[in-house]
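my_file.pdb, holding PDB, C-alpha atoms and all ligand atoms:
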ATOM      1  CA  PRO A   1      15.224  20.895   5.405
ATOM      2  CA  PRO A   2      11.429  21.083   5.134
ATOM      3  CA  PRO A   3       9.454  18.892   7.521
ATOM      4  CA  PRO A   4       8.548  15.504   6.045
ATOM      5  CA  THR A   5       4.837  16.070   6.548
ATOM      6  CA  SER A   6       3.106  19.164   5.300
ATOM      7  CA  PRO A   7       1.363  21.165   8.038
ATOM      8  CA  ALA A   8      -1.060  22.326   5.340
ATOM      9  CA  ARG A   9      -2.842  18.957   5.250
ATOM     10  CA  SER A  10      -6.034  18.940   7.280
ATOM     11  CA  SER A  11      -6.828  15.367   6.259
ATOM     12  CA  PRO A  12      -4.045  12.760   6.232
ATOM     13  CA  ASN A  13      -2.550  10.807   3.370
ATOM     14  CA  ILE A  14      -2.217   7.175   4.285
ATOM     15  CA  LEU A  15      -0.429   4.325   2.559
ATOM     16  CA  ILE A  16      -1.593   0.745   2.922
ATOM     17  CA  THR A  17       1.154  -1.613   1.832
ATOM     18  CA  GLY A  18       2.113  -5.270   2.168
ATOM     19  CA  THR A  19       2.798  -8.368   0.101
ATOM     20  CA  PRO A  20       0.054  -9.162  -2.438
ATOM     21  CA  GLY A  21      -2.574 -11.253  -0.671
ATOM     22  CA  THR A  22      -2.209  -9.607   2.729
ATOM     23  CA  GLY A  23      -5.478  -7.723   2.279
ATOM     24  CA  LYS A  24      -4.448  -4.226   1.185
ATOM     25  CA  THR A  25      -7.153  -3.566  -1.375
ATOM     26  CA  THR A  26      -9.904  -4.858   0.888
ATOM     27  CA  ALA A  27      -8.669  -2.863   3.884
ATOM     28  CA  ALA A  28      -8.015   0.297   1.853
ATOM     29  CA  GLY A  29     -11.536   0.187   0.397
ATOM     30  CA  MET A  30     -13.087  -0.232   3.835
ATOM     31  CA  VAL A  31     -11.000   2.583   5.329
ATOM     32  CA  ALA A  32     -11.765   4.942   2.447
ATOM     33  CA  ASP A  33     -15.502   4.232   2.832
ATOM     34  CA  ALA A  34     -15.464   4.505   6.605
ATOM     35  CA  VAL A  35     -13.738   7.890   6.858
ATOM     36  CA  GLY A  36     -14.155   9.429   3.411
ATOM     37  CA  LEU A  37     -10.647   9.255   1.987
ATOM     38  CA  GLU A  38     -10.069   9.088  -1.746
ATOM     39  CA  LEU A  39      -8.880   5.623  -2.701
ATOM     40  CA  VAL A  40      -6.086   5.087  -5.215
ATOM     41  CA  THR A  41      -5.173   1.523  -6.101
ATOM     42  CA  VAL A  42      -1.770   2.181  -7.633
ATOM     43  CA  GLY A  43      -1.711  -1.108  -9.551
ATOM     44  CA  ASP A  44      -4.848  -0.038 -11.433
ATOM     45  CA  LEU A  45      -3.498   3.478 -12.002
ATOM     46  CA  ILE A  46      -0.329   2.023 -13.553
ATOM     47  CA  LYS A  47      -2.373  -0.023 -16.019
ATOM     48  CA  GLN A  48      -4.912   2.710 -16.826
ATOM     49  CA  ARG A  49      -2.337   5.456 -17.391
ATOM     50  CA  ASN A  50       0.523   3.375 -18.769
ATOM     51  CA  LEU A  51       2.943   4.183 -15.952
ATOM     52  CA  HIS A  52       5.086   1.160 -16.745
ATOM     53  CA  ASP A  53       7.911  -0.019 -18.994
ATOM     54  CA  GLY A  54       6.118  -2.974 -20.521
ATOM     55  CA  TYR A  55       4.851  -6.338 -19.423
ATOM     56  CA  ASP A  56       6.856  -9.056 -17.708
ATOM     57  CA  GLU A  57       5.539 -12.316 -19.156
ATOM     58  CA  GLU A  58       7.353 -14.498 -16.647
ATOM     59  CA  PHE A  59       5.666 -12.961 -13.609
ATOM     60  CA  ASP A  60       2.474 -11.691 -15.290
ATOM     61  CA  THR A  61       3.097  -8.184 -14.114
ATOM     62  CA  TYR A  62       4.019  -4.728 -15.407
ATOM     63  CA  TRP A  63       7.526  -3.320 -15.022
ATOM     64  CA  LEU A  64       6.967  -0.447 -12.635
ATOM     65  CA  ASN A  65       8.202   2.978 -13.785
ATOM     66  CA  GLU A  66       8.642   4.677 -10.411
ATOM     67  CA  ASP A  67       9.274   8.171 -11.821
ATOM     68  CA  LYS A  68       6.121   8.105 -13.922
ATOM     69  CA  VAL A  69       4.047   6.919 -10.952
ATOM     70  CA  VAL A  70       5.409   9.629  -8.643
ATOM     71  CA  ASP A  71       4.915  12.354 -11.279
ATOM     72  CA  GLU A  72       1.366  11.208 -11.919
ATOM     73  CA  MET A  73       0.473  11.116  -8.217
ATOM     74  CA  GLU A  74       2.197  14.294  -7.006
ATOM     75  CA  GLU A  75      -0.758  16.568  -7.647
ATOM     76  CA  MET A  76      -3.354  14.225  -6.159
ATOM     77  CA  MET A  77      -1.318  13.893  -2.947
ATOM     78  CA  ALA A  78      -0.908  17.650  -2.457
ATOM     79  CA  GLY A  79      -4.261  18.293  -0.815
ATOM     80  CA  GLY A  80      -4.273  15.343   1.610
ATOM     81  CA  GLY A  81      -7.153  12.951   2.209
ATOM     82  CA  MET A  82      -5.756  10.126   0.075
ATOM     83  CA  CYS A  83      -5.721   6.409   0.803
ATOM     84  CA  ILE A  84      -3.050   4.708  -1.319
ATOM     85  CA  ASP A  85      -2.871   0.965  -1.884
ATOM     86  CA  PHE A  86       0.347  -0.556  -3.271
ATOM     87  CA  HIS A  87       2.662  -3.487  -2.619
ATOM     88  CA  THR A  88       5.890  -1.500  -2.924
ATOM     89  CA  CYS A  89       6.470   1.592  -0.827
ATOM     90  CA  GLY A  90      10.082   2.788  -0.757
ATOM     91  CA  PHE A  91       9.976   4.896  -3.907
ATOM     92  CA  PHE A  92       7.179   7.227  -2.786
ATOM     93  CA  PRO A  93       8.370  10.570  -1.357
ATOM     94  CA  GLU A  94       8.493  10.341   2.433
ATOM     95  CA  ARG A  95       6.710  13.695   2.774
ATOM     96  CA  TRP A  96       3.541  12.319   1.169
ATOM     97  CA  PHE A  97       2.411  10.159   4.065
ATOM     98  CA  ASP A  98       1.164  10.706   7.591
ATOM     99  CA  LEU A  99       0.608   6.985   8.210
ATOM    100  CA  VAL A 100       2.125   3.896   6.591
ATOM    101  CA  VAL A 101       0.262   0.660   7.313
ATOM    102  CA  VAL A 102       2.103  -2.591   6.601
ATOM    103  CA  LEU A 103      -0.270  -5.542   6.508
ATOM    104  CA  ARG A 104       1.154  -8.958   7.403
ATOM    105  CA  ALA A 105      -0.323 -12.414   6.958
ATOM    106  CA  ASP A 106       0.724 -15.997   7.616
ATOM    107  CA  THR A 107       2.370 -17.839   4.752
ATOM    108  CA  LYS A 108      -0.526 -20.229   4.306
ATOM    109  CA  ASN A 109      -3.013 -17.386   4.007
ATOM    110  CA  VAL A 110      -0.915 -15.540   1.431
ATOM    111  CA  TYR A 111      -0.506 -18.783  -0.507
ATOM    112  CA  ASP A 112      -4.212 -19.684  -0.441
ATOM    113  CA  ARG A 113      -5.402 -16.180  -1.307
ATOM    114  CA  LEU A 114      -3.061 -15.891  -4.302
ATOM    115  CA  GLU A 115      -3.899 -19.397  -5.481
ATOM    116  CA  ARG A 116      -7.591 -18.471  -5.365
ATOM    117  CA  ARG A 117      -6.730 -15.369  -7.393
ATOM    118  CA  GLY A 118      -5.342 -17.660 -10.089
ATOM    119  CA  TYR A 119      -1.711 -16.549  -9.859
ATOM    120  CA  LYS A 120       0.888 -18.746 -11.564
ATOM    121  CA  GLN A 121       2.990 -20.934  -9.290
ATOM    122  CA  ASN A 122       6.181 -18.832  -9.657
ATOM    123  CA  LYS A 123       4.262 -15.689  -8.765
ATOM    124  CA  ILE A 124       2.698 -17.341  -5.724
ATOM    125  CA  ASP A 125       6.106 -18.614  -4.585
ATOM    126  CA  GLU A 126       7.765 -15.231  -5.104
ATOM    127  CA  ASN A 127       5.136 -13.467  -3.022
ATOM    128  CA  VAL A 128       5.141 -16.075  -0.264
ATOM    129  CA  GLU A 129       8.920 -15.686  -0.026
ATOM    130  CA  CYS A 130       8.521 -11.892   0.020
ATOM    131  CA  GLU A 131       6.193 -12.213   3.020
ATOM    132  CA  ILE A 132       8.484 -14.667   4.832
ATOM    133  CA  MET A 133      11.482 -12.382   4.259
ATOM    134  CA  GLN A 134       9.500  -9.319   5.447
ATOM    135  CA  VAL A 135      10.547  -7.450   2.316
ATOM    136  CA  VAL A 136       7.784  -4.845   2.454
ATOM    137  CA  ALA A 137       8.105  -4.266   6.206
ATOM    138  CA  ASP A 138      11.880  -3.730   5.839
ATOM    139  CA  ASP A 139      11.333  -1.406   2.887
ATOM    140  CA  ALA A 140       8.853   0.631   4.946
ATOM    141  CA  ARG A 141      11.255   0.842   7.904
ATOM    142  CA  GLU A 142      14.062   2.049   5.627
ATOM    143  CA  SER A 143      11.853   4.659   3.998
ATOM    144  CA  TYR A 144       9.631   6.125   6.736
ATOM    145  CA  LYS A 145       9.970   7.189  10.339
ATOM    146  CA  ALA A 146       9.163   4.424  12.820
ATOM    147  CA  GLU A 147       6.501   6.653  14.470
ATOM    148  CA  ILE A 148       4.312   6.666  11.381
ATOM    149  CA  ILE A 149       4.517   2.927  10.617
ATOM    150  CA  MET A 150       1.733   0.644  11.812
ATOM    151  CA  GLU A 151       2.409  -3.065  11.203
ATOM    152  CA  LEU A 152      -0.835  -5.022  11.452
ATOM    153  CA  SER A 153      -1.721  -8.696  11.258
ATOM    154  CA  SER A 154      -4.313  -9.540   8.581
ATOM    155  CA  ASN A 155      -5.137 -13.237   8.898
ATOM    156  CA  THR A 156      -8.818 -13.212   9.814
ATOM    157  CA  LEU A 157     -11.881 -11.105   9.146
ATOM    158  CA  ASP A 158     -11.844 -10.041  12.813
ATOM    159  CA  GLU A 159      -8.310  -8.750  12.387
ATOM    160  CA  MET A 160      -9.331  -6.986   9.199
ATOM    161  CA  GLU A 161     -12.134  -5.189  11.065
ATOM    162  CA  ASP A 162      -9.794  -4.249  13.924
ATOM    163  CA  ASN A 163      -7.272  -2.893  11.442
ATOM    164  CA  VAL A 164      -9.860  -0.765   9.685
ATOM    165  CA  GLU A 165     -10.996   0.603  13.050
ATOM    166  CA  LYS A 166      -7.424   1.475  14.070
ATOM    167  CA  ILE A 167      -6.696   3.230  10.791
ATOM    168  CA  ALA A 168     -10.034   5.082  10.869
ATOM    169  CA  ALA A 169      -9.289   6.215  14.436
ATOM    170  CA  PHE A 170      -5.924   7.590  13.276
ATOM    171  CA  VAL A 171      -7.632   9.536  10.488
ATOM    172  CA  SER A 172     -10.234  11.007  12.842
ATOM    173  CA  GLU A 173      -7.593  12.023  15.388
ATOM    174  CA  PHE A 174      -5.398  13.559  12.675
ATOM    175  CA  ARG A 175      -8.277  15.657  11.385
ATOM    176  CA  ARG A 176      -9.219  16.744  14.892
ATOM    177  CA  SER A 177      -5.677  17.894  15.656
ATOM    178  CA  HIS A 178      -5.049  19.530  12.247
ATOM    179  CA  GLN A 179      -8.169  21.696  11.993
TER     180      GLN A 179
HETATM  181  P1  LIG A 201      -4.043  -7.462  -1.585
HETATM  182  O1  LIG A 201      -4.665  -6.179  -2.046
HETATM  183  O2  LIG A 201      -3.052  -7.245  -0.473
HETATM  184  O3  LIG A 201      -3.477  -8.303  -2.677
HETATM  185  P2  LIG A 201      -6.787  -8.328  -1.152
HETATM  186  O4  LIG A 201      -7.400  -7.246  -0.337
HETATM  187  O5  LIG A 201      -7.049  -8.370  -2.597
HETATM  188  O6  LIG A 201      -5.192  -8.337  -0.892
HETATM  189  O7  LIG A 201      -7.172  -9.694  -0.447
HETATM  190  C1  LIG A 201      -6.878 -10.946  -1.060
HETATM  191  C2  LIG A 201      -7.958 -11.939  -0.699
HETATM  192  O8  LIG A 201      -7.844 -12.323   0.649
HETATM  193  C3  LIG A 201      -9.369 -11.416  -0.886
HETATM  194  O9  LIG A 201     -10.147 -12.478  -1.365
HETATM  195  C4  LIG A 201      -9.807 -11.052   0.514
HETATM  196  C5  LIG A 201      -9.013 -11.984   1.381
HETATM  197  N1  LIG A 201      -8.580 -11.388   2.641
HETATM  198  C6  LIG A 201      -7.763 -10.311   2.740
HETATM  199  N2  LIG A 201      -7.518 -10.024   4.022
HETATM  200  C7  LIG A 201      -8.193 -10.936   4.757
HETATM  201  C8  LIG A 201      -8.338 -11.169   6.162
HETATM  202  N3  LIG A 201      -7.725 -10.392   7.083
HETATM  203  N4  LIG A 201      -9.105 -12.185   6.555
HETATM  204  C9  LIG A 201      -9.723 -12.979   5.647
HETATM  205  N5  LIG A 201      -9.628 -12.812   4.307
HETATM  206  C10 LIG A 201      -8.872 -11.807   3.871
END
Show how you would write the structure in this file as structure tokens.
Ligand code: DAT
Amino acid sequence: PPPPTSPARSSPNILITGTPGTGKTTAAGMVADAVGLELVTVGDLIKQRNLHDGYDEEFDTYWLNEDKVVDEMEEMMAGGGMCIDFHTCGFFPERWFDLVVVLRADTKNVYDRLERRGYKQNKIDENVECEIMQVVADDARESYKAEIIMELSSNTLDEMEDNVEKIAAFVSEFRRSHQ
């Protein structure tokens, strides 16, 4: 079988995942700025390009069409240098990513951040439960090699800065060793 990561990439593709409210979009934006990766917020892409099967009124969210998302992203992932931000990770092809970051946050922080975002109570509760049950971390472990997963705590701004530094250091080292 072909190797899961393409030796042709001179700049890595990284995935930043985690329960909504753990800080993905903030961290992904900072990483992309710091090291010059192209940022793709998959939630926005799904809305902009209609990569969904309609709207779920109960949870105020789109029904994800995984095949459409993968088809749409395949070409942009081919050259490397992408920073992908999404709350679900198991359906992406394993070969796309050189690093998978799973952000984690305490229940209270997830709750407060989503409440501030104006989420409905059922959506807040669902996401808090998702974080407690480690749904995204388990999904990542089932889908990617342990060596490429980085699980990072994202409760404070200090932790956020540390996380961005760690991810940026990975990107720099990857580029240095894949010249
Ligand atoms: P996500 O993309 O995972 O839903 P976000 O980046 O939009 O999360 O962050 C949600 C809110 O929480 C936003 O107002 C920024 C804040 N936040 C995120 N990570 C944080 C951290 N480590 N420390 C303090 N605030 C944080």
Let me have the centre and edge lengths of the axis-aligned box enclosing all listed atoms of ligand LIG 201 (chain A) with 3 Å padding on every side, in Å to one decimal, as JSON.
{"center_x": -6.6, "center_y": -9.6, "center_z": 2.2, "size_x": 13.1, "size_y": 12.8, "size_z": 15.8}
Problem set entry | Among the residues A:Gly81, A:Gly54, A:Gly43, A:Pro20, the one that comes closest to ligand LIG 201 (chain A) [using only C-alpha atoms and all ligand atoms] | A:Pro20
Seminar exercise, completed: Closest of A:Asp162, A:Asp53, A:Glu74, A:Glu129 to ligand LIG 201 (chain A), counting only C-alpha atoms and all ligand atoms, is A:Asp162
For this session: Could you report the residues within 10 Å of ligand LIG 201 (chain A), using only C-alpha atoms and all ligand atoms, as an NGL selection string?
Result: :A and (16-30 or 41 or 43 or 85-87 or 102-105 or 109-117 or 152-163)
Problem set entry | Polymer residues at most 12 Å from A:Glu142, all atoms listed in the file, same-chain spacing of 5 or more positions, as a ChimeraX atom specification | /A:89-91,94,135-137,149
For this session: On this file, the PyMOL selection byres (((chain A and resi 179) around 12) and not hetatm) gives some set of residues; write that set as a list of chain:residue names.
Result: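 Output of the PyMOL selection byres (((chain A and resi 179) around 12) and not hetatm): A:Pro7, A:Ala8, A:Arg9, A:Ser10, A:Ser11, A:Pro12, A:Ser172, A:Glu173, A:Phe174, A:Arg175, A:Arg176, A:Ser177, A:His178.
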Exercise. Which residue gives the smallest distance to A:Ile167 among A:Asp139, A:Asp98, A:Asp71, A:Asp106, with all atoms listed in the file counted?
Worked result: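 Of the candidates, the smallest distance to A:Ile167 is held by A:Asp98.
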For this session: Identify, on the basis of all atoms listed in the file, every residue whose closest approach to A:Asp67 does not exceed 10 Å; exclude the query and any residue fewer than 4 positions from it along the same chain; express the result as a list of chain:residue names.
Result: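 Neighbouring residues, sequence-local ones excluded: A:Leu51, A:His52, A:Asp71, A:Glu72, A:Met73, A:Phe91, A:Phe92.
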Problem set entry | Picked residues, the PyMOL selection byres (((chain A and resi 40) around 8) and not hetatm), expected as a list in words |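 So the PyMOL selection byres (((chain A and resi 40) around 8) and not hetatm) ends up selecting Glu38, Leu39, Thr41, Val42, Leu45, Met82, Cys83, Ile84 and Asp85 of chain A.
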For this session: Have a look at atom CA of A:Ile14 and atom CA of A:Ala34 and let me know their distance in Å, one decimal.
Result: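 Taking atom CA of A:Ile14 as the start and atom CA of A:Ala34 as the end point, the length is 13.7 Å.
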